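Asks: Could you have a look at this structure, given as structure tokens, before my questions?
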Amino acid sequence: MICDNITTAENGHLLFAGQDTVDLAKQYGTPLYLMDEDRVREKCRVYTAAFRKHFGDKARPLYASKALSCKRIYEIMREENMGIDVVSSGEIYTALQAGYDLSRAYFHSNNKTDEDIRYGLDHGIGCFVADNVEEIKVIEAEAGARNIKQPVLLRLTPGIDPHTYEAIATGKVDSKFGSAIETGQAEEITAFTLKQPHVDLAGFHCHVGSQVFAEDVFERAAVIMLEFVAEMKKKYGYMARQLDLGGGYGVRYVDSDPFLDVDTKVGEVAAAIQETCARLGIEMPEIHMEPGRSIVADAGMTLYTAGTVKRIPGYKNYVSVDGGMPDHPRFALYGSPYTCLLANKMNEAADFECSVVGRCCESGDIIQEHVKLPRSVGRGDIVAVCTTGAYHYSMASNYNRLPRPPIVMLRGGKESYAAVRRESLEDLCRNDL
Ligand code: LLP
């Protein structure tokens with residue numbers, strides 16, 4: 001199996017986090033997002049331990065909450081002592097509702113509005129990750145009005161191609177994010193920021209991409225960023241206290257995806273950092289990283305009920321499910337691969353090739369192509385889609401006026417509870433006047 005929280009019971013039912021998915025589908029209805037709480041916590045602990053071991057006590061993993069943002073996840077992050085990365089007033093609001101202490105939050109985005117900046121400051125945001133000079137100007141004015149000195153990281157683009165798909169590659173020079181080192185703009189914004197009396201430049205940030213498996217991408221980014229740190233020290237006498245290398249570690253969606261061991265990966269980055277700091281004669285800054293997908297992706301699974309099965313002789317077969325691109329947008333957007341299983345017939349041979357498709361009124365509404373399911377698949381069977389904990393609920397829509405599914409958390413091998421309730425038909429019209 002692609003992840004060790006997925007197993008099969010003797011009766012042929014798929015188990016997720018040790019619980020019977022067919023029973024869960026019956027109890028909570030479908031479509032249904034399941035989250036393995038124990039797995040999320042385990043990932044937080046693995047990152048925290050790896051950071052301590054390789055980067056020292058001050059280093060911090062920040063959970064990139066865009067991957068999955070809801071009150072419950074911020075409660076878990078609070079309990080696990082994780083920092084967080086937020087990108088909007090909406091994520092900040094949600095974190096606050098969960099009692100999360102915002103002094104441990106980093107506020108990203110390439111275009112924070114003036115309201116966002118005020119909202120962050122009013123709620124004691126720990127640090128802004130400023131994308132550009134315009135943001136620095138607004139932060140300076142608003143911090144000045146509050147008579148505080150606001151910590152800020154500057155987002156820089158190190159000019160690295162992470163070899164992932166285009167939509168999520170962000171560290172290249174022509175990116176919409178950050179200030180490029182290569183063009184001199186990174187230095188300009190650094191010099192400008194250092195002159196602001198109400199901005200405390202804490203250091204630098206970069207994020208090269210997401211779903212990254214390519215070797216040494218983070219090491220190369222770290223080296224470029226540290227060389228910049230050393231240059232700023234030489235030119236301006238400014239030594240960065242923090243270096244944030246962003247998120248991006250890849251996860252297994254299908255069997256052919258490699259397995260990344262977080263401790264090993266973090267250890268490799270740490271070795272490159274230590275070597276580079278020694279070569280450049282600078283102290284190692286406090287290192288941060290912002291994993292999102294790799295904290296929550298394989299803690300998630302979506303359950304659907306199969307409906308129409310269409311066999312078109314000589315062409316192809318379709319299995320339709322009761323959700324689709326509104327709750328599963330990543331195939332339509334990026335053509336992302338997924339593993340689909342027939343949860344109530346795991347002990348039948350899976351040799352019927354089909355496309356698993358959604359119920360929306362467009363042909364691109366596909367969950368996955370070239371899926372192998374048991375030949376007996378039919379109306380009422382439960383289709384499970386694995387590794388859906390990241391960028392699913394957080395990117396879900398109400399297209400075709402489909403209510404968003406609930407999130408049901410699983411823990412301890414037998415307990416389940418709803419963390420987000422299923423949207424009702426009334427919810428769909430809540431804002432209609
Ligand atoms: N930090 C920054 C500044 C980011 O922009 C991102 C993701 C992360 C951290 C977390 O990266 P992760 O560890 O999750 O790879 N919707 C796309 C993914 C967009 C990622 C955006 N930024 C998808 O579904 O593949």
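Please note that chains go A, B, ... in the order of the structure tokens, that every chain numbers its residues from 1, and that ligands are numbered from 1 in the order shown.
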Could you give me, as JSON lines, a per-residue list for chain A showing, wherever an atom lies at most 6 Å from an atom of ligand 1, the closest pair of atoms and their distance in Å to one decimal, using only C-alpha atoms and all ligand atoms and sorting by chain then residue number from low to high?

Replies:
{"residue": "A:Ala64", "atom": "CA", "partner": "ligand 1", "partner_atom_place_in_ligand_line": "10 (C)", "distance": 5.0}
{"residue": "A:Ala67", "atom": "CA", "partner": "ligand 1", "partner_atom_place_in_ligand_line": "14 (O)", "distance": 5.7}
{"residue": "A:Ile168", "atom": "CA", "partner": "ligand 1", "partner_atom_place_in_ligand_line": "19 (C)", "distance": 5.3}
{"residue": "A:His207", "atom": "CA", "partner": "ligand 1", "partner_atom_place_in_ligand_line": "3 (C)", "distance": 5.2}
{"residue": "A:Ser210", "atom": "CA", "partner": "ligand 1", "partner_atom_place_in_ligand_line": "15 (O)", "distance": 3.6}
{"residue": "A:Gln211", "atom": "CA", "partner": "ligand 1", "partner_atom_place_in_ligand_line": "15 (O)", "distance": 5.2}
{"residue": "A:Gly246", "atom": "CA", "partner": "ligand 1", "partner_atom_place_in_ligand_line": "1 (N)", "distance": 4.4}
{"residue": "A:Gly247", "atom": "CA", "partner": "ligand 1", "partner_atom_place_in_ligand_line": "13 (O)", "distance": 3.8}
{"residue": "A:Gly248", "atom": "CA", "partner": "ligand 1", "partner_atom_place_in_ligand_line": "15 (O)", "distance": 3.3}
{"residue": "A:Tyr249", "atom": "CA", "partner": "ligand 1", "partner_atom_place_in_ligand_line": "13 (O)", "distance": 5.5}
{"residue": "A:Glu290", "atom": "CA", "partner": "ligand 1", "partner_atom_place_in_ligand_line": "9 (C)", "distance": 4.7}
{"residue": "A:Pro291", "atom": "CA", "partner": "ligand 1", "partner_atom_place_in_ligand_line": "13 (O)", "distance": 3.7}
{"residue": "A:Gly292", "atom": "CA", "partner": "ligand 1", "partner_atom_place_in_ligand_line": "14 (O)", "distance": 3.5}
{"residue": "A:Arg293", "atom": "CA", "partner": "ligand 1", "partner_atom_place_in_ligand_line": "14 (O)", "distance": 3.6}
{"residue": "A:Ser294", "atom": "CA", "partner": "ligand 1", "partner_atom_place_in_ligand_line": "13 (O)", "distance": 5.8}
{"residue": "A:Arg330", "atom": "CA", "partner": "ligand 1", "partner_atom_place_in_ligand_line": "24 (O)", "distance": 5.7}
{"residue": "A:Tyr391", "atom": "CA", "partner": "ligand 1", "partner_atom_place_in_ligand_line": "24 (O)", "distance": 4.7}

Asks: Please, could you write that set of residues out with N, CA, C and O atoms as an mmCIF file, in the first residue's frame?

Replies:
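Dumped everything to part28.cif:
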data_model
loop_
_atom_site.group_PDB
_atom_site.id
_atom_site.type_symbol
_atom_site.label_atom_id
_atom_site.label_comp_id
_atom_site.auth_asym_id
_atom_site.auth_seq_id
_atom_site.Cartn_x
_atom_site.Cartn_y
_atom_site.Cartn_z
ATOM 1 N N ALA A 64 2.370 24.720 7.003
ATOM 2 C CA ALA A 64 1.798 25.598 5.965
ATOM 3 C C ALA A 64 0.310 25.302 5.872
ATOM 4 O O ALA A 64 -0.117 24.339 5.227
ATOM 5 N N ALA A 67 -2.502 24.011 3.164
ATOM 6 C CA ALA A 67 -2.726 22.620 2.763
ATOM 7 C C ALA A 67 -4.048 22.083 3.324
ATOM 8 O O ALA A 67 -4.765 21.348 2.645
ATOM 9 N N ILE A 168 3.150 25.042 -9.495
ATOM 10 C CA ILE A 168 3.598 25.113 -8.103
ATOM 11 C C ILE A 168 5.097 25.300 -7.975
ATOM 12 O O ILE A 168 5.673 25.152 -6.911
ATOM 13 N N HIS A 207 10.849 29.844 -1.056
ATOM 14 C CA HIS A 207 10.062 28.613 -1.222
ATOM 15 C C HIS A 207 10.183 28.258 -2.692
ATOM 16 O O HIS A 207 9.757 29.031 -3.545
ATOM 17 N N SER A 210 6.512 22.885 -4.730
ATOM 18 C CA SER A 210 5.763 21.913 -3.939
ATOM 19 C C SER A 210 5.830 20.553 -4.627
ATOM 20 O O SER A 210 6.114 20.477 -5.826
ATOM 21 N N GLN A 211 5.553 19.500 -3.847
ATOM 22 C CA GLN A 211 5.638 18.127 -4.372
ATOM 23 C C GLN A 211 7.007 17.915 -5.042
ATOM 24 O O GLN A 211 7.111 17.460 -6.175
ATOM 25 N N GLY A 246 11.095 27.425 3.334
ATOM 26 C CA GLY A 246 9.810 27.111 2.707
ATOM 27 C C GLY A 246 9.401 25.666 2.874
ATOM 28 O O GLY A 246 9.976 24.906 3.660
ATOM 29 N N GLY A 247 8.385 25.273 2.111
ATOM 30 C CA GLY A 247 7.883 23.897 2.196
ATOM 31 C C GLY A 247 8.216 23.154 0.920
ATOM 32 O O GLY A 247 9.074 23.586 0.156
ATOM 33 N N GLY A 248 7.537 22.035 0.703
ATOM 34 C CA GLY A 248 7.659 21.415 -0.609
ATOM 35 C C GLY A 248 7.978 19.950 -0.704
ATOM 36 O O GLY A 248 7.940 19.397 -1.802
ATOM 37 N N TYR A 249 8.301 19.272 0.415
ATOM 38 C CA TYR A 249 8.639 17.854 0.267
ATOM 39 C C TYR A 249 7.471 17.069 -0.334
ATOM 40 O O TYR A 249 6.319 17.252 0.043
ATOM 41 N N GLU A 290 8.621 25.043 6.097
ATOM 42 C CA GLU A 290 7.157 25.153 6.158
ATOM 43 C C GLU A 290 6.469 24.002 5.446
ATOM 44 O O GLU A 290 5.862 24.192 4.387
ATOM 45 N N PRO A 291 6.546 22.805 5.982
ATOM 46 C CA PRO A 291 5.859 21.695 5.327
ATOM 47 C C PRO A 291 4.342 21.815 5.454
ATOM 48 O O PRO A 291 3.827 22.139 6.522
ATOM 49 N N GLY A 292 3.655 21.606 4.369
ATOM 50 C CA GLY A 292 2.193 21.588 4.407
ATOM 51 C C GLY A 292 1.716 20.206 3.997
ATOM 52 O O GLY A 292 1.277 19.379 4.792
ATOM 53 N N ARG A 293 1.906 19.931 2.694
ATOM 54 C CA ARG A 293 1.474 18.649 2.129
ATOM 55 C C ARG A 293 2.007 17.466 2.918
ATOM 56 O O ARG A 293 1.264 16.527 3.232
ATOM 57 N N SER A 294 3.295 17.493 3.251
ATOM 58 C CA SER A 294 3.890 16.308 3.878
ATOM 59 C C SER A 294 3.441 16.122 5.320
ATOM 60 O O SER A 294 3.714 15.088 5.920
ATOM 61 N N ARG A 330 -7.644 18.531 -7.791
ATOM 62 C CA ARG A 330 -6.256 18.487 -8.245
ATOM 63 C C ARG A 330 -6.048 17.716 -9.548
ATOM 64 O O ARG A 330 -5.076 17.935 -10.246
ATOM 65 N N TYR A 391 -4.616 20.042 0.235
ATOM 66 C CA TYR A 391 -5.112 20.750 -0.946
ATOM 67 C C TYR A 391 -6.370 20.105 -1.535
ATOM 68 O O TYR A 391 -6.547 20.084 -2.751
#

Asks: What's the 7 Å shell around A:Pro31, counting only C-alpha atoms, without same-chain residues fewer than 4 positions away, as a PyMOL selection string?

Replies: chain A and resi 302-304+322-323+405

Asks: Could the residues in this selection be written to a file with N, CA, C and O atoms, as an mmCIF file, in the first residue's frame?

Replies:
data_model
loop_
_atom_site.group_PDB
_atom_site.id
_atom_site.type_symbol
_atom_site.label_atom_id
_atom_site.label_comp_id
_atom_site.auth_asym_id
_atom_site.auth_seq_id
_atom_site.Cartn_x
_atom_site.Cartn_y
_atom_site.Cartn_z
ATOM 1 N N THR A 302 -10.481 10.163 0.822
ATOM 2 C CA THR A 302 -11.857 10.547 0.495
ATOM 3 C C THR A 302 -12.652 9.290 0.164
ATOM 4 O O THR A 302 -12.150 8.409 -0.542
ATOM 5 N N LEU A 303 -13.866 9.222 0.685
ATOM 6 C CA LEU A 303 -14.758 8.104 0.349
ATOM 7 C C LEU A 303 -15.928 8.628 -0.481
ATOM 8 O O LEU A 303 -16.508 9.674 -0.159
ATOM 9 N N TYR A 304 -16.243 7.901 -1.526
ATOM 10 C CA TYR A 304 -17.394 8.220 -2.382
ATOM 11 C C TYR A 304 -18.257 6.972 -2.511
ATOM 12 O O TYR A 304 -17.789 5.854 -2.322
ATOM 13 N N ASP A 322 -20.248 10.098 -6.323
ATOM 14 C CA ASP A 322 -21.172 11.150 -5.864
ATOM 15 C C ASP A 322 -20.477 12.458 -5.457
ATOM 16 O O ASP A 322 -21.049 13.282 -4.758
ATOM 17 N N GLY A 323 -19.216 12.636 -5.868
ATOM 18 C CA GLY A 323 -18.521 13.926 -5.683
ATOM 19 C C GLY A 323 -17.878 14.276 -7.005
ATOM 20 O O GLY A 323 -18.413 13.929 -8.059
ATOM 21 N N PRO A 405 -18.117 18.244 1.481
ATOM 22 C CA PRO A 405 -18.168 17.108 2.419
ATOM 23 C C PRO A 405 -17.657 17.504 3.800
ATOM 24 O O PRO A 405 -16.924 18.482 3.934
#

Asks: If you run DSSP on the backbone here, which positions in stretch 258-423 of chain A get alpha helix (DSSP H)? Please write them as a PyMOL selection string.

Replies: chain A and resi 262-280+293-296+330-334

Asks: Which residues are near A:Arg41? Cut-off 9 Å, only C-alpha atoms, ignore same chain within fewer than 6 positions. Put them as a list in words.

Replies: Ile76, Met77, Glu80 and Ile295 of chain A

Asks: Write the selection just made, keeping N, CA, C and O atoms, as a PDB file, in the first residue's frame?

Replies:
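Output below, filename selection.pdb:
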ATOM      1  N   ILE A  76      -4.711  21.171  16.743  1.00  0.00           N
ATOM      2  CA  ILE A  76      -3.686  20.119  16.771  1.00  0.00           C
ATOM      3  C   ILE A  76      -2.293  20.749  16.690  1.00  0.00           C
ATOM      4  O   ILE A  76      -1.380  20.364  17.415  1.00  0.00           O
ATOM      5  N   MET A  77      -2.144  21.736  15.823  1.00  0.00           N
ATOM      6  CA  MET A  77      -0.830  22.407  15.688  1.00  0.00           C
ATOM      7  C   MET A  77      -0.436  23.087  16.998  1.00  0.00           C
ATOM      8  O   MET A  77       0.725  23.079  17.391  1.00  0.00           O
ATOM      9  N   GLU A  80       0.640  20.412  19.346  1.00  0.00           N
ATOM     10  CA  GLU A  80       1.921  19.814  18.943  1.00  0.00           C
ATOM     11  C   GLU A  80       3.058  20.828  18.950  1.00  0.00           C
ATOM     12  O   GLU A  80       4.152  20.535  18.487  1.00  0.00           O
ATOM     13  N   ILE A 295       2.721  17.092   5.891  1.00  0.00           N
ATOM     14  CA  ILE A 295       2.154  16.895   7.231  1.00  0.00           C
ATOM     15  C   ILE A 295       0.771  16.237   7.125  1.00  0.00           C
ATOM     16  O   ILE A 295       0.430  15.374   7.925  1.00  0.00           O
TER      17      ILE A 295
END

Asks: Might you pull out every residue within 7 Å of stretch 137-149 of chain A, with only C-alpha atoms counted and same-chain residues fewer than 4 positions away left off, and present them as number ranges by chain?

Replies: A: 114, 117-118, 133, 196, 198-200

Asks: Put those residues in a file: all heavy atoms, as a CSV table (one decimal), in the first residue's frame.

Replies:
chain,number,residue,atom,x,y,z
A,114,ASP,N,-3.9,46.0,2.4
A,114,ASP,CA,-3.7,46.9,3.6
A,114,ASP,C,-4.5,46.3,4.8
A,114,ASP,O,-4.1,46.3,5.9
A,114,ASP,CB,-4.1,48.3,3.3
A,114,ASP,CG,-3.2,49.0,2.2
A,114,ASP,OD1,-2.3,48.3,1.7
A,114,ASP,OD2,-3.5,50.1,1.9
A,117,ILE,N,-2.8,43.4,6.4
A,117,ILE,CA,-1.7,43.8,7.2
A,117,ILE,C,-2.1,44.4,8.5
A,117,ILE,O,-1.6,44.0,9.6
A,117,ILE,CB,-0.8,44.8,6.4
A,117,ILE,CG1,-0.1,44.0,5.3
A,117,ILE,CG2,0.3,45.5,7.3
A,117,ILE,CD1,0.7,44.9,4.3
A,118,ARG,N,-3.2,45.2,8.4
A,118,ARG,CA,-3.8,45.7,9.7
A,118,ARG,C,-4.3,44.6,10.6
A,118,ARG,O,-4.1,44.5,11.8
A,118,ARG,CB,-4.9,46.7,9.4
A,118,ARG,CG,-4.3,48.1,8.9
A,118,ARG,CD,-5.4,49.1,9.0
A,118,ARG,NE,-6.3,49.1,7.9
A,118,ARG,CZ,-6.1,49.7,6.7
A,118,ARG,NH1,-5.1,50.4,6.6
A,118,ARG,NH2,-7.0,49.6,5.8
A,133,VAL,N,8.5,45.6,-1.9
A,133,VAL,CA,8.7,46.9,-1.2
A,133,VAL,C,7.4,47.6,-0.8
A,133,VAL,O,7.3,48.2,0.3
A,133,VAL,CB,9.6,47.8,-2.1
A,133,VAL,CG1,9.6,49.3,-1.5
A,133,VAL,CG2,11.0,47.3,-2.2
A,196,GLN,N,14.0,51.1,7.7
A,196,GLN,CA,12.7,51.4,8.3
A,196,GLN,C,12.7,51.3,9.8
A,196,GLN,O,13.1,50.2,10.4
A,196,GLN,CB,11.6,50.4,7.7
A,196,GLN,CG,11.6,50.3,6.2
A,196,GLN,CD,11.4,51.7,5.6
A,196,GLN,OE1,10.6,52.4,5.9
A,196,GLN,NE2,12.3,52.0,4.6
A,198,HIS,N,10.4,51.0,12.0
A,198,HIS,CA,9.4,50.1,12.7
A,198,HIS,C,9.3,48.7,12.1
A,198,HIS,O,8.4,48.0,12.4
A,198,HIS,CB,8.0,50.8,12.7
A,198,HIS,CG,8.0,52.1,13.4
A,198,HIS,ND1,8.1,53.3,12.7
A,198,HIS,CD2,8.0,52.4,14.7
A,198,HIS,CE1,8.2,54.3,13.6
A,198,HIS,NE2,8.1,53.8,14.8
A,199,VAL,N,10.3,48.4,11.3
A,199,VAL,CA,10.4,47.0,10.8
A,199,VAL,C,11.7,46.4,11.3
A,199,VAL,O,12.8,47.0,11.2
A,199,VAL,CB,10.4,47.0,9.3
A,199,VAL,CG1,10.6,45.6,8.7
A,199,VAL,CG2,9.1,47.6,8.7
A,200,ASP,N,11.5,45.2,11.9
A,200,ASP,CA,12.7,44.5,12.4
A,200,ASP,C,13.0,43.4,11.4
A,200,ASP,O,12.2,42.4,11.4
A,200,ASP,CB,12.3,43.9,13.8
A,200,ASP,CG,13.3,42.9,14.3
A,200,ASP,OD1,14.5,42.9,13.8
A,200,ASP,OD2,12.9,42.0,15.1

Asks: So, counting only C-alpha atoms, which residue among A:Val251, A:Gly18, A:Leu433, A:Ala419 is closest to A:Ala98?

Replies: A:Ala419

Asks: Interatomic distance between atom CA of A:Lys235 and atom CA of A:Glu187?

Replies: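 Between atom CA of A:Lys235 and atom CA of A:Glu187 the gap is 9.8 Å.
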
Asks: As an exercise, work out the distance from atom CA of A:Asp244 to atom CA of A:Ile92 in Å and give it to one decimal place.

Replies: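 Going from atom CA of A:Asp244 over to atom CA of A:Ile92, I get 19.8 Å.
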
Asks: Would you please work out which residue, of A:Ala202, A:Ile125, A:Met301, A:Val262, is nearest to A:Ala49 when using only C-alpha atoms?

Replies: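 Of the candidates, the smallest distance to A:Ala49 is held by A:Val262.
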
Asks: Excluding A:Met289 and residues on its chain fewer than 5 positions from it, collect all residues at most 10 Å away from it, counting only C-alpha atoms, and give them as a list in words.

Replies: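 These residues fall inside the cut-off: Tyr47, Phe51, Ala59, Arg60, Pro61, Leu62, Tyr63, Ala64, Gly83, Asp85, His205, Cys206, His207, Leu243, Asp244, Leu245, Gly246, Gly247, Gly248 and Val266 of chain A.
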
Asks: For the residues in the current selection, export N, CA, C and O atoms as a tab-separated table (two decimals), in the first residue's frame.

Replies:
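Listing of again21.tsv after writing:
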chain	number	residue	atom	x	y	z
A	47	TYR	N	8.89	15.91	12.25
A	47	TYR	CA	9.53	17.17	11.82
A	47	TYR	C	10.20	17.87	13.01
A	47	TYR	O	11.34	18.33	12.91
A	51	PHE	N	14.16	18.55	13.29
A	51	PHE	CA	14.67	19.93	13.37
A	51	PHE	C	15.59	20.10	14.57
A	51	PHE	O	16.65	20.69	14.48
A	59	ALA	N	15.43	26.00	15.99
A	59	ALA	CA	14.84	25.79	14.67
A	59	ALA	C	13.38	25.37	14.80
A	59	ALA	O	12.99	24.76	15.80
A	60	ARG	N	12.59	25.70	13.80
A	60	ARG	CA	11.17	25.46	13.93
A	60	ARG	C	10.51	24.98	12.64
A	60	ARG	O	10.65	25.64	11.61
A	61	PRO	N	9.75	23.89	12.71
A	61	PRO	CA	8.89	23.61	11.57
A	61	PRO	C	7.61	24.43	11.70
A	61	PRO	O	7.03	24.54	12.79
A	62	LEU	N	7.18	25.02	10.59
A	62	LEU	CA	5.93	25.77	10.57
A	62	LEU	C	4.99	25.00	9.67
A	62	LEU	O	5.35	24.69	8.53
A	63	TYR	N	3.81	24.70	10.14
A	63	TYR	CA	2.85	24.00	9.29
A	63	TYR	C	2.24	25.00	8.30
A	63	TYR	O	1.68	26.03	8.70
A	64	ALA	N	2.37	24.72	7.00
A	64	ALA	CA	1.80	25.60	5.97
A	64	ALA	C	0.31	25.30	5.87
A	64	ALA	O	-0.12	24.34	5.23
A	83	GLY	N	4.82	25.86	14.82
A	83	GLY	CA	4.54	27.18	14.27
A	83	GLY	C	3.60	27.01	13.09
A	83	GLY	O	3.36	25.88	12.64
A	85	ASP	N	2.21	28.75	9.14
A	85	ASP	CA	2.29	29.73	8.05
A	85	ASP	C	0.84	29.97	7.63
A	85	ASP	O	0.07	29.04	7.46
A	205	HIS	N	13.53	34.48	3.49
A	205	HIS	CA	12.67	33.33	3.21
A	205	HIS	C	12.74	32.99	1.73
A	205	HIS	O	12.88	33.87	0.89
A	206	CYS	N	12.63	31.69	1.43
A	206	CYS	CA	12.39	31.31	0.04
A	206	CYS	C	11.54	30.05	0.04
A	206	CYS	O	11.46	29.33	1.03
A	207	HIS	N	10.85	29.84	-1.06
A	207	HIS	CA	10.06	28.61	-1.22
A	207	HIS	C	10.18	28.26	-2.69
A	207	HIS	O	9.76	29.03	-3.54
A	243	LEU	N	16.51	31.99	8.78
A	243	LEU	CA	16.46	31.62	7.37
A	243	LEU	C	15.35	30.57	7.24
A	243	LEU	O	15.39	29.52	7.88
A	244	ASP	N	14.36	30.89	6.41
A	244	ASP	CA	13.21	30.01	6.24
A	244	ASP	C	13.26	29.46	4.82
A	244	ASP	O	13.24	30.22	3.85
A	245	LEU	N	13.36	28.14	4.72
A	245	LEU	CA	13.54	27.52	3.39
A	245	LEU	C	12.24	27.04	2.77
A	245	LEU	O	12.25	26.29	1.79
A	246	GLY	N	11.10	27.43	3.33
A	246	GLY	CA	9.81	27.11	2.71
A	246	GLY	C	9.40	25.67	2.87
A	246	GLY	O	9.98	24.91	3.66
A	247	GLY	N	8.38	25.27	2.11
A	247	GLY	CA	7.88	23.90	2.20
A	247	GLY	C	8.22	23.15	0.92
A	247	GLY	O	9.07	23.59	0.16
A	248	GLY	N	7.54	22.03	0.70
A	248	GLY	CA	7.66	21.41	-0.61
A	248	GLY	C	7.98	19.95	-0.70
A	248	GLY	O	7.94	19.40	-1.80
A	266	VAL	N	16.01	16.25	6.14
A	266	VAL	CA	16.37	17.42	6.95
A	266	VAL	C	17.86	17.34	7.30
A	266	VAL	O	18.57	18.36	7.28
